[in-house]
Amino acid sequence: MTKIAYLTIDGTVYELPMFEGSEGERAIDITQLRSLSGCITYDPGFANTGSCRSAITFVDGEKGILRYRGYPIEQIAAQGSFIETAMLLIFGHLPSKEERSCFRELLGGQELLHEGLRHHFEGFPSKGDPMAILSAVINSLGCYHPELVDIENEEEFTMAAAKIISKVRTIAAWAYRKSKGLPFMYPNPALSYCRNFLHMMFSIPNRFHEPSQEAVRALTLFFILHADHEQNCSCSTVRMVGSTQASLFASVSAGICALWGRLHGGANAGVIRMLHRIRDGQMSIPTVIEKVKNREMRLMGFGHRIYKNYDPRAKILKQAAHELLEKMGRHDELLDIALNLAAAAMADDYFAERKLYPNVDFYSGLILRALNIPVNMFPVMFAIGRMPGWIAHWYEDHQNPTLRIHRPRQIYIGEPKRDYIPMEERGIIDG
Ligand code: ACO
């Protein structure tokens with residue numbers, strides 16, 4: 001039986017239908033509210049707004065739960081591969097051996113960039129931010145595959161998805177090589193997804209880069225844990241752009257831009273820069289905590305819109321950072337600083353009262369550092385990992401016959417109507 005929420009405005013009672021998600025989350029359907037009452041809801045930051053019904057990822061921020069298509073992130077992280085995870089998110093089920101090898105083969109055939117696209121890299125300055133390059137080149141992919149700009153069936157979608165997931169590695173690695181003035185390394189189809197990426201990042205023509213098994217596993221884990229996180233800012237951006245019927249290339253390119261900011265995917269680089277400052281004696285841990293409490297800075301890698309408990313991804317990455325460094329026989333003083341900083345923050349009432357815990361970005365940079373990935377590439381690494389999630393969400397909307405263009409309303413607070421003043425009659429603005 002449909003439950004009803006009652007809303008009274010100026011003495012009139014409006015009945016609003018309610019519905020429940022498969023995990024018991026309750027929602028009030030306000031789609032008819034404005035036409036019935038003339039009122040809209042006001043929710044800046046969209047913290048109380050469900051923008052869609054989605055069957056891809058479930059997060060319970062109070063309990064610290066994350067599941068992709070129903071599978072707990074801890075199980076996928078312990079046993080899955082990145083390609084399997086991507087397929088699970090995009091196609092909705094864990095692939096069979098045959099399905100996985102077919103998709104791997106498809107990805108293998110798509111890893112090269114058109115030579116015309118390679119020339120785009122020459123136009124970027126060497127100091128250009130790799131996120132700008134990634135977004136621009138992913139968007140430009142659409143120019144090289146016009147047949148995939150308007151996707152009409154599953155086959156075309158699968159091809160576009162494979163192109164993006166495969167080429168994003170090549171583009172990311174080449175953005176790095178460009179910044180270093182190093183020659184571009186072409187992908188090697190004999191290598192696995194992560195090995196191939198590390199090869200394009202670090203091999204040089206006369207020296208092949210052979211990463212350790214631990215390094216490959218750590219990178220796989222990093223990508224798996226970043227693969228999706230339901231309606232965050234970048235995913236919502238992808239869905240919003242996609243709602244205009246823009247192409248998959250354009251939509252995920254917009255997602256990269258949204259991810260870039262310090263409050264979202266740029267936080268992983270912010271954490272490492274903050275830890276550097278502590279290591280270099282520019283700030284002590286108590287000073288950081290004081291500055292955060294005085295609102296002079298934010299503790300990067302802490303806090304989350306949804307998690308009011310430990311982010312399960314941070315838990316896994318913290319353990320993985322320890323294990324990776326141990327297996328590599330390396331010690332990273334930044335890990336010690338991070339552990340001390342997290343302990344100091346969590347013992348402080350400011351953080352406890354606001355339920356601020358380490359998020360995915362707090363420990364992820366320590367893994368990337370151990371893999372010799374430079375700090376300005378950290379958000380790019382996040383984007384590679386997040387690509388399957390963005391693609392899955394774009395497709396979920398694309399397949400929805402009732403999808404409407406995303407178009408929020410506003411409450412206008414500007415000037416009321418006034419008459420245009422011709423230039424010669426305007427006073428001189430002193431300033
Ligand atoms: N450091 C200090 N205070 C914080 C932090 C933080 N990292 N995060 C939240 N707070 C405080 C706010 O000042 C606010 O306090 P108040 O109620 O006294 O004003 C309260 O906690 C709630 O914070 P909001 O900003 O309202 O929380 P919101 O959900 O809007 O923001 C966000 C979430 C952006 C992640 C925030 O926690 C933040 O800035 N964190 C640091 C950046 C970061 O790590 N981003 C990565 C997030 S994970 C991801 O995108 C992959």
# chains A, B, ... in the order shown; residues from 1 in each chain; ligands from 1
call {"tool": "residues_near_ligand", "arguments": {"ligand": "ligand 1", "cutoff": "6 Å", "atoms": "only C-alpha atoms and all ligand atoms", "output": "VMD selection string"}}
result
chain A and resid 263 to 265 267 292 298 to 305 354 359 to 360
call {"tool": "write_last_selection", "arguments": {"atoms": "N, CA and C atoms", "output": "PDB file, in the first residue's frame"}}
result
ATOM      1  N   LEU A 263      37.413  19.730  -2.918  1.00  0.00           N
ATOM      2  CA  LEU A 263      36.447  19.111  -1.995  1.00  0.00           C
ATOM      3  C   LEU A 263      36.004  17.737  -2.467  1.00  0.00           C
ATOM      4  N   HIS A 264      36.407  17.381  -3.684  1.00  0.00           N
ATOM      5  CA  HIS A 264      35.982  16.078  -4.233  1.00  0.00           C
ATOM      6  C   HIS A 264      37.251  15.281  -4.566  1.00  0.00           C
ATOM      7  N   GLY A 265      37.479  14.963  -5.826  1.00  0.00           N
ATOM      8  CA  GLY A 265      38.613  14.084  -6.165  1.00  0.00           C
ATOM      9  C   GLY A 265      39.968  14.744  -6.027  1.00  0.00           C
ATOM     10  N   ALA A 267      40.922  16.068  -3.359  1.00  0.00           N
ATOM     11  CA  ALA A 267      41.303  16.010  -1.943  1.00  0.00           C
ATOM     12  C   ALA A 267      42.496  15.084  -1.706  1.00  0.00           C
ATOM     13  N   VAL A 292      42.021  24.045  11.858  1.00  0.00           N
ATOM     14  CA  VAL A 292      40.765  23.464  11.357  1.00  0.00           C
ATOM     15  C   VAL A 292      39.609  23.925  12.244  1.00  0.00           C
ATOM     16  N   ARG A 298      40.450  23.319   6.102  1.00  0.00           N
ATOM     17  CA  ARG A 298      39.714  22.063   6.280  1.00  0.00           C
ATOM     18  C   ARG A 298      40.727  20.934   6.422  1.00  0.00           C
ATOM     19  N   LEU A 299      40.401  19.961   7.214  1.00  0.00           N
ATOM     20  CA  LEU A 299      41.268  18.792   7.302  1.00  0.00           C
ATOM     21  C   LEU A 299      41.002  17.946   6.059  1.00  0.00           C
ATOM     22  N   MET A 300      41.952  17.963   5.145  1.00  0.00           N
ATOM     23  CA  MET A 300      41.738  17.272   3.873  1.00  0.00           C
ATOM     24  C   MET A 300      41.671  15.761   4.121  1.00  0.00           C
ATOM     25  N   GLY A 301      40.788  15.101   3.374  1.00  0.00           N
ATOM     26  CA  GLY A 301      40.638  13.651   3.540  1.00  0.00           C
ATOM     27  C   GLY A 301      39.765  13.288   4.730  1.00  0.00           C
ATOM     28  N   PHE A 302      39.122  14.278   5.334  1.00  0.00           N
ATOM     29  CA  PHE A 302      38.213  14.022   6.457  1.00  0.00           C
ATOM     30  C   PHE A 302      36.832  14.549   6.121  1.00  0.00           C
ATOM     31  N   GLY A 303      35.820  13.849   6.636  1.00  0.00           N
ATOM     32  CA  GLY A 303      34.446  14.316   6.447  1.00  0.00           C
ATOM     33  C   GLY A 303      33.858  13.793   5.152  1.00  0.00           C
ATOM     34  N   HIS A 304      32.548  13.685   5.135  1.00  0.00           N
ATOM     35  CA  HIS A 304      31.873  13.187   3.938  1.00  0.00           C
ATOM     36  C   HIS A 304      30.409  13.551   4.030  1.00  0.00           C
ATOM     37  N   ARG A 305      29.812  13.893   2.910  1.00  0.00           N
ATOM     38  CA  ARG A 305      28.397  14.235   2.892  1.00  0.00           C
ATOM     39  C   ARG A 305      27.547  13.060   3.375  1.00  0.00           C
ATOM     40  N   ARG A 354      30.844  16.356  14.981  1.00  0.00           N
ATOM     41  CA  ARG A 354      30.387  16.506  13.582  1.00  0.00           C
ATOM     42  C   ARG A 354      30.461  15.195  12.798  1.00  0.00           C
ATOM     43  N   ASN A 359      38.071   9.880   5.017  1.00  0.00           N
ATOM     44  CA  ASN A 359      37.361   9.395   3.824  1.00  0.00           C
ATOM     45  C   ASN A 359      38.351   8.710   2.875  1.00  0.00           C
ATOM     46  N   VAL A 360      37.875   8.304   1.715  1.00  0.00           N
ATOM     47  CA  VAL A 360      38.698   7.516   0.782  1.00  0.00           C
ATOM     48  C   VAL A 360      40.013   8.211   0.430  1.00  0.00           C
TER      49      VAL A 360
END
call {"tool": "closest_atom_pairs", "arguments": {"of": "segment 38-113 of chain A", "to": "segment 218-240 of chain A", "cutoff": "7 Å", "atoms": "only C-alpha atoms", "output": "Markdown table"}}
result
| residue | atom | partner | partner_atom | distance |
| --- | --- | --- | --- | --- |
| A:Thr57 | CA | A:Glu230 | CA | 5.5 |
| A:Ala77 | CA | A:Leu221 | CA | 6.0 |
| A:Ser81 | CA | A:Thr220 | CA | 6.7 |
| A:Phe82 | CA | A:Ile224 | CA | 5.4 |
| A:Thr85 | CA | A:Ile224 | CA | 6.5 |
call {"tool": "atom_distance", "arguments": {"atom1": "atom CA of Met131 of chain A", "atom2": "atom CA of Pro358 of chain A"}}
result
24.1 Å
call {"tool": "residues_around", "arguments": {"residues": "Pro183 of chain A", "least_positions_apart": "2", "cutoff": "9 Å", "atoms": "only C-alpha atoms", "output": "PDB file with C-alpha atoms, in the first residue's frame"}}
result
ATOM      1  CA  TRP A 174      50.536  10.535 -21.855  1.00  0.00           C
ATOM      2  CA  ARG A 177      54.753  11.976 -20.052  1.00  0.00           C
ATOM      3  CA  LYS A 178      54.009  15.324 -21.646  1.00  0.00           C
ATOM      4  CA  LYS A 180      57.964  15.344 -18.005  1.00  0.00           C
ATOM      5  CA  GLY A 181      59.044  15.872 -21.607  1.00  0.00           C
ATOM      6  CA  MET A 185      55.005   4.892 -24.658  1.00  0.00           C
ATOM      7  CA  ILE A 204      61.281   4.359 -21.492  1.00  0.00           C
ATOM      8  CA  PRO A 205      62.178   3.194 -25.005  1.00  0.00           C
TER       9      PRO A 205
END
call {"tool": "residues_around", "arguments": {"residues": "His114 of chain A", "least_positions_apart": "3", "cutoff": "12 Å", "atoms": "only C-alpha atoms", "output": "PDB file with C-alpha atoms, in the first residue's frame"}}
result
ATOM      1  CA  GLN A 110      40.861  -0.062 -28.031  1.00  0.00           C
ATOM      2  CA  GLU A 111      43.896   1.056 -26.076  1.00  0.00           C
ATOM      3  CA  LEU A 117      44.522  12.629 -31.190  1.00  0.00           C
ATOM      4  CA  ARG A 118      48.160  12.078 -30.217  1.00  0.00           C
ATOM      5  CA  HIS A 119      48.958  15.426 -31.857  1.00  0.00           C
ATOM      6  CA  HIS A 120      46.548  17.156 -29.458  1.00  0.00           C
ATOM      7  CA  PHE A 121      49.105  16.580 -26.709  1.00  0.00           C
ATOM      8  CA  VAL A 137      41.102  14.636 -24.748  1.00  0.00           C
ATOM      9  CA  SER A 140      37.731  15.037 -28.187  1.00  0.00           C
ATOM     10  CA  LEU A 141      37.429  11.248 -28.509  1.00  0.00           C
ATOM     11  CA  GLY A 142      33.878  11.903 -29.690  1.00  0.00           C
ATOM     12  CA  CYS A 143      35.297  13.687 -32.764  1.00  0.00           C
ATOM     13  CA  TYR A 144      37.172  10.518 -33.719  1.00  0.00           C
ATOM     14  CA  HIS A 145      34.177   8.249 -33.195  1.00  0.00           C
ATOM     15  CA  LYS A 163      36.934   2.846 -25.835  1.00  0.00           C
ATOM     16  CA  LYS A 167      41.898   4.860 -23.694  1.00  0.00           C
ATOM     17  CA  THR A 170      46.652   5.927 -22.354  1.00  0.00           C
ATOM     18  CA  ILE A 171      45.510   9.550 -22.166  1.00  0.00           C
ATOM     19  CA  TYR A 186      52.452   3.011 -26.727  1.00  0.00           C
TER      20      TYR A 186
END
call {"tool": "closest_residue", "arguments": {"among": "A:Met381, A:Ala5, A:Ile56, A:Thr41", "to": "Pro408 of chain A", "atoms": "only C-alpha atoms"}}
result
A:Thr41
call {"tool": "closest_residue", "arguments": {"among": "A:Gly80, A:Phe208, A:Arg279, A:Asp361", "to": "Pro95 of chain A", "atoms": "only C-alpha atoms"}}
result
A:Gly80
call {"tool": "closest_residue", "arguments": {"among": "A:Ala250, A:Ile421, A:Ala47, A:Ile4", "to": "Ile30 of chain A", "atoms": "only C-alpha atoms"}}
result
A:Ile4
call {"tool": "closest_residue", "arguments": {"among": "A:Phe19, A:Tyr420, A:Phe184, A:Trp260", "to": "Phe378 of chain A", "atoms": "only C-alpha atoms"}}
result
A:Trp260
call {"tool": "residues_around", "arguments": {"residues": "Leu107 of chain A", "least_positions_apart": "6", "cutoff": "8 Å", "atoms": "only C-alpha atoms", "output": "number ranges by chain"}}
result
A: 162-163, 165-166
call {"tool": "residues_around", "arguments": {"residues": "Glu154 of chain A", "least_positions_apart": "5", "cutoff": "10 Å", "atoms": "only C-alpha atoms", "output": "MDAnalysis selection string"}}
result
chainID A and resid 159:160 395 399
call {"tool": "write_last_selection", "arguments": {"atoms": "C-alpha atoms", "output": "compact mmCIF listing (two decimals), in the first residue's frame"}}
result
# COMPACT_ATOMS: atom_id res chain seq x y z
CA MET A 159 31.95 -0.12 -27.80
CA ALA A 160 31.90 3.46 -26.51
CA TYR A 395 23.67 4.24 -19.26
CA GLN A 399 17.90 3.43 -20.82
call {"tool": "residues_around", "arguments": {"residues": "Ile151 of chain A", "least_positions_apart": "6", "cutoff": "9 Å", "atoms": "only C-alpha atoms", "output": "PyMOL selection string"}}
result
chain A and resi 157+160+247-248+398
call {"tool": "closest_residue", "arguments": {"among": "A:Gly123, A:Gly109, A:Pro17, A:Pro211", "to": "Pro187 of chain A", "atoms": "only C-alpha atoms"}}
result
A:Gly109
call {"tool": "closest_residue", "arguments": {"among": "A:Glu122, A:Asp129, A:Glu115, A:Glu105", "to": "Pro189 of chain A", "atoms": "only C-alpha atoms"}}
result
A:Glu105
call {"tool": "select_by_dssp", "arguments": {"residues": "segment 11-84 of chain A", "states": "alpha helix (DSSP H)", "output": "ChimeraX atom specification"}}
result
/A:33-37,73-79,82-84
call {"tool": "decode", "arguments": {"residues": "segment 245-273 of chain A", "atoms": "N, CA, C and O atoms", "output": "short mmCIF file (atom, residue, chain, number, x, y, z; two decimals), in the first residue's frame"}}
result
data_model
loop_
_atom_site.label_atom_id
_atom_site.label_comp_id
_atom_site.auth_asym_id
_atom_site.auth_seq_id
_atom_site.Cartn_x
_atom_site.Cartn_y
_atom_site.Cartn_z
N GLN A 245 20.85 14.50 -23.38
CA GLN A 245 21.15 13.59 -24.49
C GLN A 245 22.52 13.92 -25.11
O GLN A 245 22.77 13.63 -26.28
N ALA A 246 23.40 14.54 -24.30
CA ALA A 246 24.79 14.72 -24.73
C ALA A 246 25.46 13.34 -24.77
O ALA A 246 25.01 12.41 -24.09
N SER A 247 26.55 13.23 -25.52
CA SER A 247 27.19 11.93 -25.72
C SER A 247 27.85 11.44 -24.43
O SER A 247 28.10 12.21 -23.50
N LEU A 248 28.16 10.14 -24.43
CA LEU A 248 28.88 9.56 -23.29
C LEU A 248 30.24 10.25 -23.13
O LEU A 248 30.68 10.54 -22.01
N PHE A 249 30.91 10.53 -24.25
CA PHE A 249 32.23 11.18 -24.19
C PHE A 249 32.12 12.55 -23.49
O PHE A 249 32.89 12.88 -22.60
N ALA A 250 31.14 13.35 -23.94
CA ALA A 250 30.98 14.70 -23.37
C ALA A 250 30.58 14.60 -21.89
O ALA A 250 31.06 15.38 -21.06
N SER A 251 29.73 13.63 -21.57
CA SER A 251 29.22 13.55 -20.19
C SER A 251 30.33 13.15 -19.22
O SER A 251 30.45 13.75 -18.14
N VAL A 252 31.15 12.16 -19.58
CA VAL A 252 32.20 11.76 -18.62
C VAL A 252 33.32 12.81 -18.58
O VAL A 252 33.99 12.98 -17.56
N SER A 253 33.48 13.53 -19.67
CA SER A 253 34.46 14.62 -19.67
C SER A 253 34.04 15.68 -18.65
O SER A 253 34.86 16.21 -17.90
N ALA A 254 32.74 15.96 -18.59
CA ALA A 254 32.22 16.91 -17.58
C ALA A 254 32.43 16.34 -16.18
O ALA A 254 32.73 17.08 -15.24
N GLY A 255 32.26 15.02 -16.04
CA GLY A 255 32.49 14.37 -14.75
C GLY A 255 33.91 14.59 -14.27
O GLY A 255 34.16 14.82 -13.08
N ILE A 256 34.87 14.53 -15.19
CA ILE A 256 36.28 14.73 -14.82
C ILE A 256 36.45 16.15 -14.24
O ILE A 256 37.12 16.35 -13.23
N CYS A 257 35.82 17.13 -14.88
CA CYS A 257 35.93 18.51 -14.40
C CYS A 257 35.34 18.64 -12.99
O CYS A 257 35.91 19.31 -12.13
N ALA A 258 34.21 17.98 -12.77
CA ALA A 258 33.57 18.08 -11.44
C ALA A 258 34.44 17.39 -10.38
O ALA A 258 34.51 17.84 -9.24
N LEU A 259 35.09 16.33 -10.79
CA LEU A 259 35.91 15.57 -9.83
C LEU A 259 37.14 16.36 -9.37
O LEU A 259 37.67 16.15 -8.28
N TRP A 260 37.59 17.25 -10.25
CA TRP A 260 38.88 17.94 -10.10
C TRP A 260 39.01 18.72 -8.79
O TRP A 260 40.09 18.81 -8.19
N GLY A 261 37.91 19.28 -8.30
CA GLY A 261 37.98 20.23 -7.17
C GLY A 261 38.51 19.62 -5.88
O GLY A 261 38.39 18.42 -5.64
N ARG A 262 39.06 20.50 -5.04
CA ARG A 262 39.68 20.07 -3.77
C ARG A 262 38.69 19.39 -2.82
O ARG A 262 39.08 18.60 -1.99
N LEU A 263 37.41 19.73 -2.92
CA LEU A 263 36.45 19.11 -2.00
C LEU A 263 36.00 17.74 -2.47
O LEU A 263 35.31 17.01 -1.76
N HIS A 264 36.41 17.38 -3.68
CA HIS A 264 35.98 16.08 -4.23
C HIS A 264 37.25 15.28 -4.57
O HIS A 264 38.04 15.00 -3.67
N GLY A 265 37.48 14.96 -5.83
CA GLY A 265 38.61 14.08 -6.17
C GLY A 265 39.97 14.74 -6.03
O GLY A 265 41.00 14.05 -6.04
N GLY A 266 39.98 16.06 -5.88
CA GLY A 266 41.27 16.75 -5.68
C GLY A 266 41.76 16.64 -4.24
O GLY A 266 42.89 17.04 -3.93
N ALA A 267 40.92 16.07 -3.36
CA ALA A 267 41.30 16.01 -1.94
C ALA A 267 42.50 15.08 -1.71
O ALA A 267 43.28 15.32 -0.79
N ASN A 268 42.65 14.05 -2.54
CA ASN A 268 43.77 13.11 -2.31
C ASN A 268 45.12 13.84 -2.43
O ASN A 268 46.04 13.60 -1.64
N ALA A 269 45.22 14.77 -3.39
CA ALA A 269 46.45 15.55 -3.53
C ALA A 269 46.57 16.54 -2.36
O ALA A 269 47.67 16.75 -1.82
N GLY A 270 45.41 17.08 -1.93
CA GLY A 270 45.41 18.03 -0.81
C GLY A 270 45.93 17.37 0.47
O GLY A 270 46.64 18.00 1.26
N VAL A 271 45.59 16.11 0.67
CA VAL A 271 46.05 15.39 1.87
C VAL A 271 47.58 15.31 1.87
O VAL A 271 48.24 15.64 2.86
N ILE A 272 48.14 14.90 0.75
CA ILE A 272 49.59 14.71 0.69
C ILE A 272 50.30 16.06 0.86
O ILE A 272 51.31 16.16 1.57
N ARG A 273 49.74 17.11 0.26
CA ARG A 273 50.37 18.44 0.41
C ARG A 273 50.33 18.87 1.88
O ARG A 273 51.29 19.45 2.40
#
